[in-house]
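A.B. asks: Dropping in query-v7.cif, which is mmCIF, C-alpha atoms:
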```cif
data_start
loop_
_atom_site.label_atom_id
_atom_site.label_comp_id
_atom_site.auth_asym_id
_atom_site.auth_seq_id
_atom_site.Cartn_x
_atom_site.Cartn_y
_atom_site.Cartn_z
CA MET G 4 -128.16 157.03 103.07
CA LYS G 5 -124.41 156.67 103.39
CA ILE G 6 -122.97 154.14 100.95
CA MET G 7 -120.07 151.78 101.61
CA ILE G 8 -118.40 149.72 98.90
CA CYS G 9 -118.14 146.05 99.81
CA PRO G 10 -115.20 144.41 97.98
CA LEU G 11 -117.40 141.37 97.23
CA ASN G 12 -120.82 142.90 96.64
CA GLY G 13 -120.22 146.48 95.51
CA PRO G 14 -121.94 149.62 96.80
CA ARG G 15 -124.48 148.99 99.55
CA ASN G 16 -126.37 151.02 102.15
CA ILE G 17 -124.33 151.50 105.31
CA SER G 18 -127.15 149.82 107.28
CA GLU G 19 -126.06 146.50 105.76
CA PHE G 20 -122.66 146.70 107.48
CA VAL G 21 -121.52 145.87 111.00
CA TYR G 22 -118.39 147.31 112.60
CA GLY G 23 -115.89 144.70 113.75
CA GLY G 24 -113.14 146.62 115.55
CA GLN G 25 -109.74 147.91 114.58
CA VAL G 26 -107.26 145.83 112.63
CA LYS G 27 -104.36 145.15 114.99
CA ALA G 28 -101.22 143.07 114.74
CA MET G 29 -101.65 140.04 116.98
CA PRO G 30 -98.79 139.33 119.40
CA ASP G 31 -97.54 135.75 119.61
CA PRO G 32 -100.15 134.10 121.86
CA GLN G 33 -97.58 131.61 123.18
CA SER G 34 -95.06 134.12 124.46
CA VAL G 35 -97.03 137.30 125.14
CA SER G 36 -97.70 138.43 128.71
CA ASP G 37 -101.25 138.54 130.05
CA VAL G 38 -101.10 142.33 130.20
CA GLU G 39 -100.04 142.65 126.57
CA TRP G 40 -102.67 140.13 125.47
CA ALA G 41 -105.38 142.02 127.36
CA LYS G 42 -104.24 145.22 125.64
CA TYR G 43 -104.46 143.51 122.29
CA VAL G 44 -107.95 142.18 122.97
CA PHE G 45 -109.55 145.14 124.74
CA TYR G 46 -107.67 148.35 123.92
CA GLU G 47 -108.18 150.40 120.79
CA LYS G 48 -106.34 153.50 119.64
CA ASN G 49 -108.28 156.72 119.79
CA ASP G 50 -106.14 159.03 117.66
CA ILE G 51 -107.64 161.24 114.99
CA GLY G 52 -106.65 160.04 111.55
CA VAL G 53 -107.05 157.20 109.12
CA VAL G 54 -107.91 153.95 110.89
CA HIS G 55 -107.99 150.40 109.56
CA GLU G 56 -111.12 148.60 110.61
CA TRP G 57 -112.85 145.26 110.24
CA TRP G 58 -116.31 145.53 108.71
CA LEU G 59 -118.86 142.81 108.01
CA HIS G 60 -121.32 142.89 105.12
CA SER G 61 -124.09 141.18 107.06
CA PRO G 62 -126.25 139.79 104.18
CA SER G 63 -123.29 137.88 102.76
CA SER G 64 -121.34 137.33 106.03
CA TYR G 65 -118.29 138.77 104.29
CA TRP G 66 -115.54 140.30 106.45
CA PHE G 67 -113.24 142.88 104.88
CA ILE G 68 -111.04 145.82 105.83
CA ALA G 69 -111.89 149.50 105.46
CA GLU G 70 -109.64 152.54 105.76
CA ARG G 71 -111.68 155.33 107.29
CA HIS G 72 -110.87 158.79 108.57
CA ASN G 73 -112.42 158.82 112.02
CA ALA G 74 -112.95 162.59 112.12
CA SER G 75 -114.48 163.19 108.69
CA ASP G 76 -115.97 159.65 108.55
CA GLU G 77 -114.80 159.43 104.96
CA ILE G 78 -114.28 155.85 103.83
CA ILE G 79 -111.06 156.00 101.83
CA ARG G 80 -110.73 152.42 100.69
CA THR G 81 -112.16 148.96 101.28
CA TYR G 82 -110.40 145.73 100.37
CA PRO G 83 -110.45 141.96 101.02
CA ALA G 84 -108.75 140.79 104.21
CA ASP G 85 -106.31 138.62 102.27
CA GLU G 86 -104.44 141.75 101.21
CA LEU G 87 -103.11 141.84 104.77
CA PHE G 88 -103.61 138.28 106.01
CA GLN G 89 -102.12 135.61 103.78
CA HIS G 90 -101.63 132.75 106.22
CA ARG G 91 -103.93 130.91 108.53
CA ILE G 92 -102.79 131.05 112.16
CA GLU G 93 -103.06 127.78 114.05
CA PHE G 94 -103.64 128.06 117.79
CA THR G 95 -102.12 125.22 119.76
CA SER G 96 -102.13 125.10 123.53
CA ASN G 97 -98.92 124.74 125.48
CA GLU G 98 -98.16 121.32 126.87
CA GLY G 99 -99.79 120.90 130.26
CA GLU G 100 -102.40 123.58 129.64
CA THR G 101 -106.05 122.64 129.48
CA MET N 18 -120.28 106.00 103.78
CA SER N 19 -122.65 108.86 103.28
CA THR N 20 -124.49 111.25 105.51
CA ASN N 21 -128.07 112.41 105.24
CA LEU N 22 -127.86 116.17 105.21
CA ASN N 23 -131.38 117.40 104.80
CA MET N 24 -134.67 116.34 106.21
CA VAL N 25 -137.80 116.99 104.18
CA PHE N 26 -139.87 119.68 105.85
CA GLU N 27 -142.95 121.82 105.39
CA SER N 28 -142.71 125.43 104.23
CA PRO N 29 -143.88 128.06 106.73
CA LEU N 30 -145.70 129.62 103.77
CA ALA N 31 -147.36 126.32 102.81
CA GLY N 32 -146.60 126.71 99.11
CA VAL N 33 -148.78 129.81 98.75
CA HIS N 34 -149.28 131.26 95.23
CA HIS N 35 -150.55 134.82 94.71
CA ASN N 36 -151.61 135.45 91.13
CA GLY N 37 -151.77 138.82 89.41
CA HIS N 38 -149.73 141.11 87.16
CA ILE N 39 -146.94 140.28 89.54
CA SER N 40 -147.22 136.77 90.91
CA ILE N 41 -145.54 135.67 94.12
CA GLN N 42 -145.01 131.97 94.65
CA ASP N 43 -143.53 130.05 97.54
CA TYR N 44 -140.73 127.77 96.34
CA THR N 45 -139.45 126.97 99.83
CA LYS N 46 -140.13 123.26 99.43
CA LYS N 47 -138.17 123.10 96.18
CA HIS N 48 -134.89 121.28 96.35
CA ARG N 49 -131.62 123.11 97.04
CA TRP N 50 -128.30 122.44 98.68
CA GLY N 51 -124.98 124.20 99.04
CA LEU N 52 -121.29 123.78 99.61
CA ARG N 53 -118.77 126.14 101.14
CA GLY N 54 -115.01 125.94 101.59
CA LYS N 55 -111.78 126.26 99.66
CA GLY N 56 -112.41 122.89 97.99
CA ALA N 57 -116.05 123.61 97.10
CA ALA N 58 -115.53 124.79 93.51
CA GLU N 59 -113.17 121.93 92.69
CA ALA N 60 -115.53 119.34 94.20
CA LEU N 61 -118.50 120.63 92.23
CA ARG N 62 -116.55 120.79 88.96
CA THR N 63 -115.42 117.21 89.52
CA GLN N 64 -119.06 116.23 89.83
CA GLY N 65 -119.77 117.81 86.47
CA TRP N 66 -121.43 121.08 87.51
CA ASP N 67 -120.88 124.26 85.52
CA LEU N 68 -120.02 127.11 87.89
CA PRO N 69 -120.35 130.88 87.42
CA GLU N 70 -117.01 132.49 86.63
CA GLN N 71 -117.35 135.08 89.38
CA PRO N 72 -119.24 135.54 92.66
CA ASN N 73 -122.76 136.96 92.68
CA ARG N 74 -123.62 135.24 89.43
CA LEU N 75 -125.84 132.29 88.61
CA VAL N 76 -125.75 129.80 85.73
CA SER N 77 -127.97 126.98 84.61
CA SER N 78 -126.32 123.57 84.71
CA ASN N 79 -127.31 119.90 84.31
CA ASN N 80 -131.05 119.79 83.58
CA GLU N 81 -132.00 123.31 84.64
CA THR N 82 -130.44 123.23 88.07
CA LEU N 83 -129.31 126.77 88.91
CA VAL N 84 -125.80 127.09 90.34
CA MET N 85 -125.41 130.31 92.32
CA ALA N 86 -121.97 131.56 93.41
CA LEU N 87 -122.18 133.68 96.55
CA SER N 88 -118.39 133.99 96.90
CA GLN N 89 -115.31 132.26 95.50
CA ARG N 90 -115.93 129.52 98.06
CA GLU N 91 -119.70 129.28 98.44
CA PHE N 92 -122.17 127.77 96.00
CA TRP N 93 -125.89 127.05 96.18
CA LEU N 94 -127.54 124.60 93.81
CA LEU N 95 -131.21 125.35 93.21
CA ASP N 96 -133.64 122.95 91.63
CA PRO N 97 -136.92 124.79 90.98
CA GLU N 98 -138.44 121.75 89.25
CA ASN N 99 -138.28 119.24 92.09
CA ASP N 100 -139.37 119.07 95.69
CA ALA N 101 -136.84 118.77 98.48
CA LEU N 102 -134.97 115.52 98.74
CA ALA N 103 -132.76 114.06 101.40
CA VAL N 104 -129.28 114.77 100.05
CA ALA N 105 -126.55 112.24 100.52
CA MET N 106 -122.94 113.24 100.01
CA ASP N 107 -119.93 110.99 100.02
CA GLU N 108 -117.49 112.05 102.68
CA ASP N 109 -114.74 112.07 100.07
CA PHE N 110 -116.75 114.58 98.10
CA ILE N 111 -116.79 117.13 100.90
CA THR N 112 -113.04 117.26 101.53
CA ASP N 113 -112.00 120.88 102.12
CA ALA N 114 -115.62 121.96 102.01
CA TYR N 115 -118.71 121.59 104.11
CA PRO N 116 -122.39 121.39 103.27
CA LEU N 117 -124.76 124.30 103.66
CA PHE N 118 -128.25 123.66 104.89
CA CYS N 119 -129.89 126.29 102.73
CA GLN N 120 -132.88 123.98 102.31
CA ASP N 121 -133.64 124.41 106.00
CA SER N 122 -132.25 127.86 106.68
CA HIS N 123 -133.86 129.92 103.94
CA ALA N 124 -137.30 130.44 102.45
CA TRP N 125 -137.48 130.82 98.66
CA LEU N 126 -139.96 133.15 96.97
CA VAL N 127 -140.31 133.63 93.21
CA LEU N 128 -141.60 136.91 91.73
CA LYS N 129 -142.84 136.95 88.17
CA GLY N 130 -144.34 139.72 86.06
CA HIS N 131 -143.57 142.85 84.07
CA GLN N 132 -143.10 145.29 86.96
CA THR N 133 -141.12 143.20 89.41
CA SER N 134 -138.18 145.64 89.27
CA ALA N 135 -140.48 148.55 90.17
CA LEU N 136 -141.93 146.54 93.05
CA MET N 137 -138.48 145.61 94.34
CA ALA N 138 -137.38 149.27 94.12
CA LYS N 139 -139.84 149.97 96.94
CA LEU N 140 -138.16 147.43 99.22
CA CYS N 141 -134.49 147.29 98.27
CA GLY N 142 -131.72 149.85 97.72
CA VAL N 143 -129.94 147.96 94.95
CA ASP N 144 -130.76 148.92 91.35
CA LEU N 145 -132.58 145.82 90.08
CA ARG N 146 -133.76 147.23 86.75
CA PRO N 147 -133.11 144.81 83.87
CA GLU N 148 -130.56 147.09 82.19
CA THR N 149 -128.31 147.03 85.27
CA PHE N 150 -129.32 143.76 86.97
CA LYS N 151 -129.31 141.23 84.18
CA ILE N 152 -130.39 137.60 83.99
CA GLY N 153 -127.79 135.62 85.93
CA ASP N 154 -127.01 138.46 88.36
CA VAL N 155 -127.20 137.88 92.12
CA ALA N 156 -127.31 140.51 94.88
CA GLN N 157 -126.72 139.78 98.54
CA THR N 158 -128.41 142.69 100.19
CA GLN N 159 -131.39 143.70 102.31
CA MET N 160 -135.04 143.79 101.36
CA ALA N 161 -137.54 145.46 103.69
CA LEU N 162 -134.68 145.70 106.21
CA ILE N 163 -133.99 141.95 106.34
CA ASN N 164 -131.08 140.12 104.76
CA CYS N 165 -131.97 138.73 101.38
CA ILE N 166 -130.33 137.06 98.41
CA ILE N 167 -131.88 138.24 95.16
CA ALA N 168 -131.27 136.43 91.87
CA ARG N 169 -132.63 137.23 88.42
CA HIS N 170 -132.94 134.17 86.22
CA ASP N 171 -134.96 132.39 83.61
CA LEU N 172 -137.63 130.02 84.89
CA ALA N 173 -139.49 128.04 82.21
CA GLY N 174 -139.10 130.92 79.77
CA ASP N 175 -140.03 133.68 82.23
CA ASP N 176 -137.73 136.38 83.61
CA VAL N 177 -138.15 136.05 87.40
CA PHE N 178 -136.65 137.15 90.69
CA SER N 179 -135.81 134.48 93.23
CA LEU N 180 -135.61 135.79 96.79
CA PHE N 181 -134.00 133.88 99.63
CA VAL N 182 -134.67 135.10 103.14
CA ASP N 183 -134.06 133.57 106.54
CA GLN N 184 -136.86 131.09 107.05
CA SER N 185 -137.92 132.68 110.32
CA PHE N 186 -138.63 135.89 108.35
CA ALA N 187 -140.62 134.14 105.62
CA GLU N 188 -144.06 135.40 106.68
CA TYR N 189 -142.77 138.94 107.18
CA ALA N 190 -141.09 138.94 103.76
CA LEU N 191 -144.26 137.73 102.07
CA GLU N 192 -146.35 140.38 103.85
CA ALA N 193 -143.90 143.10 102.78
CA LEU N 194 -144.02 141.90 99.17
CA LEU N 195 -147.82 141.66 99.14
CA ASP N 196 -148.08 145.16 100.61
CA ALA N 197 -145.65 146.58 98.02
CA ARG N 198 -147.49 144.74 95.26
CA GLN N 199 -150.86 146.37 95.90
CA GLU N 200 -150.28 149.33 93.59
CA PHE N 201 -149.39 147.00 90.72
CA LEU N 202 -152.51 144.82 90.89
#
```
How does the structure come out when it is put into C-alpha cells?

C.D. replies:
Amino acid sequence: MKIMICPLNGPRNISEFVYGGQVKAMPDPQSVSDVEWAKYVFYEKNDIGVVHEWWLHSPSSYWFIAERHNASDEIIRTYPADELFQHRIEFTSNEGET
Amino acid sequence: MSTNLNMVFESPLAGVHHNGHISIQDYTKKHRWGLRGKGAAEALRTQGWDLPEQPNRLVSSNNETLVMALSQREFWLLDPENDALAVAMDEDFITDAYPLFCQDSHAWLVLKGHQTSALMAKLCGVDLRPETFKIGDVAQTQMALINCIIARHDLAGDDVFSLFVDQSFAEYALEALLDARQEFL
C-alpha cells in the first residue's frame, strides 16, 4: 500500500488519510467581490506540477500540508500547517449584516 | 462553579473478559478524561500532572494514572484502576482548553499476553513489535480498518496494549480481535 508520512504520526497507510483540497491564499473576506470569493471557494487549479494540498490524518484528526506532483503522484514533502499559517484569522461581519 | 462533564454509563461490551494466552479485557467503564487546547498542557502541569515530553507518548503520573499525549495540545488521562466517575472541573481550570469526553466517545480494550504484537500485526499496518514500539509509545492509526489509538504500557507489572476505538465500533473491534486471536489460543 502507498505510504504517506504524517508530520505528527509518522509513516502511515494512505487509506488513513483524507484529501482536503488545495492550499490557496484567502482573499480579504471583507473587501473581496462575490465572484472572486466564489472562485476562491470552488475553483481549483488543474495544472500539471507540484501542488500544495491539505490532507487529514483521520485517526488523529490532524490537518497538515503535503506537496505532491499531480502527474507522478509522488509525495515530495509533508509538513505542519503552521509553517504557512502563523496567525489565526478572525471573521467579523460588517455592520448591518446578519 | 463547576460543571459535571461525564455521566456514568454502561459499556457496550459489558466488561467482558476473554482469557487465554492472549487475554482481551473490556476496560470501557474505567475512568478517563481529556483536555484539548493551547492551554491544556499548562493547566495539567499546574494541577501536578507529569506530561509526556512529546506527542504519541504516554507516562505514568500520580498514583498510576496514565497521561497520554495525542498532540502538543491534546491529553487523555487514563485510570485503569478505578471505574468511571463524574468529573468536575473548575471553569478557571479549563481556560484556553476544553474537555474531551473520551469516557463516552471511546471504548477501551486491554490486550495482554506474549504474542500480542503478532496478533496486532494481523490487524494493523504499524510495526508494534516491542523493539520498535516500546512501553510508553502511542500510535494513532487504524486497526481492522477502523480508527484506533494503540498504547503500549505497563499495567500491574504486565506489558499490555490498550486500544481505544469509537464506542459505536466496540463490538466490531472485539469480534475482529477474537477472530485474529484464534490461531494463538

A.B. asks: To one decimal place in Å, what is the distance between atom CA of G:Trp58 and atom CA of N:Gln120?

C.D. replies: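 Value for the atom CA of G:Trp58-atom CA of N:Gln120 distance: 27.9 Å.
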
A.B. asks: Taking the file as shown, find all residues satisfying the PyMOL selection byres ((chain N) within 12 of (chain G)) and write them as a PyMOL selection string.

C.D. replies: chain N and resi 71-74+86-91+141-144+154-167+181-183

A.B. asks: Would you write out, as a PDB file with C-alpha atoms, in the coordinates of the input, every residue that the PyMOL selection byres ((chain G and resi 57) around 9) captures in this file?

C.D. replies:
```pdb
ATOM      1  CA  VAL G  21    -121.520 145.870 111.000  1.00  0.00           C
ATOM      2  CA  TYR G  22    -118.390 147.310 112.600  1.00  0.00           C
ATOM      3  CA  GLY G  23    -115.890 144.700 113.750  1.00  0.00           C
ATOM      4  CA  GLY G  24    -113.140 146.620 115.550  1.00  0.00           C
ATOM      5  CA  GLN G  25    -109.740 147.910 114.580  1.00  0.00           C
ATOM      6  CA  VAL G  26    -107.260 145.830 112.630  1.00  0.00           C
ATOM      7  CA  HIS G  55    -107.990 150.400 109.560  1.00  0.00           C
ATOM      8  CA  GLU G  56    -111.120 148.600 110.610  1.00  0.00           C
ATOM      9  CA  TRP G  58    -116.310 145.530 108.710  1.00  0.00           C
ATOM     10  CA  LEU G  59    -118.860 142.810 108.010  1.00  0.00           C
ATOM     11  CA  TRP G  66    -115.540 140.300 106.450  1.00  0.00           C
ATOM     12  CA  PHE G  67    -113.240 142.880 104.880  1.00  0.00           C
ATOM     13  CA  ILE G  68    -111.040 145.820 105.830  1.00  0.00           C
ATOM     14  CA  ALA G  69    -111.890 149.500 105.460  1.00  0.00           C
ATOM     15  CA  ALA G  84    -108.750 140.790 104.210  1.00  0.00           C
TER      16      ALA G  84
END
```

A.B. asks: Please indicate the distance in Å from atom CA of G:Asn73 to atom CA of G:Glu47, rounded to one decimal place.

C.D. replies: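 According to the coordinates, atom CA of G:Asn73 and atom CA of G:Glu47 are separated by 12.9 Å.
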
A.B. asks: Ranking G:His90, G:Val54, G:Pro10, G:Thr95 by minimum distance to G:Asp76 and counting all atoms listed in the file, which one comes first?

C.D. replies: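 Using all atoms listed in the file, G:Asp76 sits closest to G:Val54.
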
A.B. asks: Within 12 Å of G:Gly52, counting only C-alpha atoms, which residues show up once you throw out same-chain ones fewer than 6 positions away? Write them as a list of chain:residue names, please.

C.D. replies: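 Final neighbour list, sorted by chain and number: G:Glu70, G:Arg71, G:His72, G:Asn73, G:Ala74, G:Ser75, G:Asp76, G:Glu77, G:Ile78, G:Ile79.
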
A.B. asks: Quick one: which residues end up in the PyMOL selection byres ((chain N and resi 200) around 12) for this structure, as a compact mmCIF listing (two decimals) with C-alpha atoms, in the coordinates of the input?

C.D. replies:
```
# COMPACT_ATOMS: atom_id res chain seq x y z
CA GLY N 37 -151.77 138.82 89.41
CA HIS N 38 -149.73 141.11 87.16
CA ILE N 39 -146.94 140.28 89.54
CA GLN N 132 -143.10 145.29 86.96
CA THR N 133 -141.12 143.20 89.41
CA ALA N 135 -140.48 148.55 90.17
CA LEU N 136 -141.93 146.54 93.05
CA LYS N 139 -139.84 149.97 96.94
CA LEU N 194 -144.02 141.90 99.17
CA LEU N 195 -147.82 141.66 99.14
CA ASP N 196 -148.08 145.16 100.61
CA ALA N 197 -145.65 146.58 98.02
CA ARG N 198 -147.49 144.74 95.26
CA GLN N 199 -150.86 146.37 95.90
CA PHE N 201 -149.39 147.00 90.72
CA LEU N 202 -152.51 144.82 90.89
```

A.B. asks: Measuring atom to atom with only C-alpha atoms, identify which of N:Ala190, N:Ala138, N:Leu128, N:Ala114 is nearest to N:Asp176.

C.D. replies: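 Of N:Ala190, N:Ala138, N:Leu128, N:Ala114, the one nearest N:Asp176, counting only C-alpha atoms, is N:Leu128.
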
A.B. asks: For a quick check of your reading of the model, name the residues lying within 9 Å of the coordinate (-109.7, 119.6, 100.0), counting only C-alpha atoms, and write them as number ranges by chain.

C.D. replies: N: 54-57, 59-60, 110-114

A.B. asks: Please report the interatomic distance between atom CA of N:Pro116 and atom CA of N:Trp93 in Å with one decimal.

C.D. replies: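 Those two atoms sit 9.7 Å apart.
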
A.B. asks: Fewer than 2 positions away in the same chain doesn't count, so skip those; otherwise give me all residues within 10 Å of N:Leu83, counting all atoms listed in the file, as a PyMOL selection string.

C.D. replies: chain N and resi 49+66-69+75-81+85-86+93-97+153+170-172

A.B. asks: Scan for residues within 8 Å of the point (-123.1, 122.7, 103.3) in the coordinates of the file, using all atoms listed in the file, and reply as number ranges by chain.

C.D. replies: N: 50-53, 114-119

A.B. asks: Which residues, written as a ChimeraX atom specification, have at least one atom at most 7 Å from N:Leu145, with all atoms listed in the file counted and residues fewer than 4 positions away on the same chain left out?

C.D. replies: /N:134,149-150
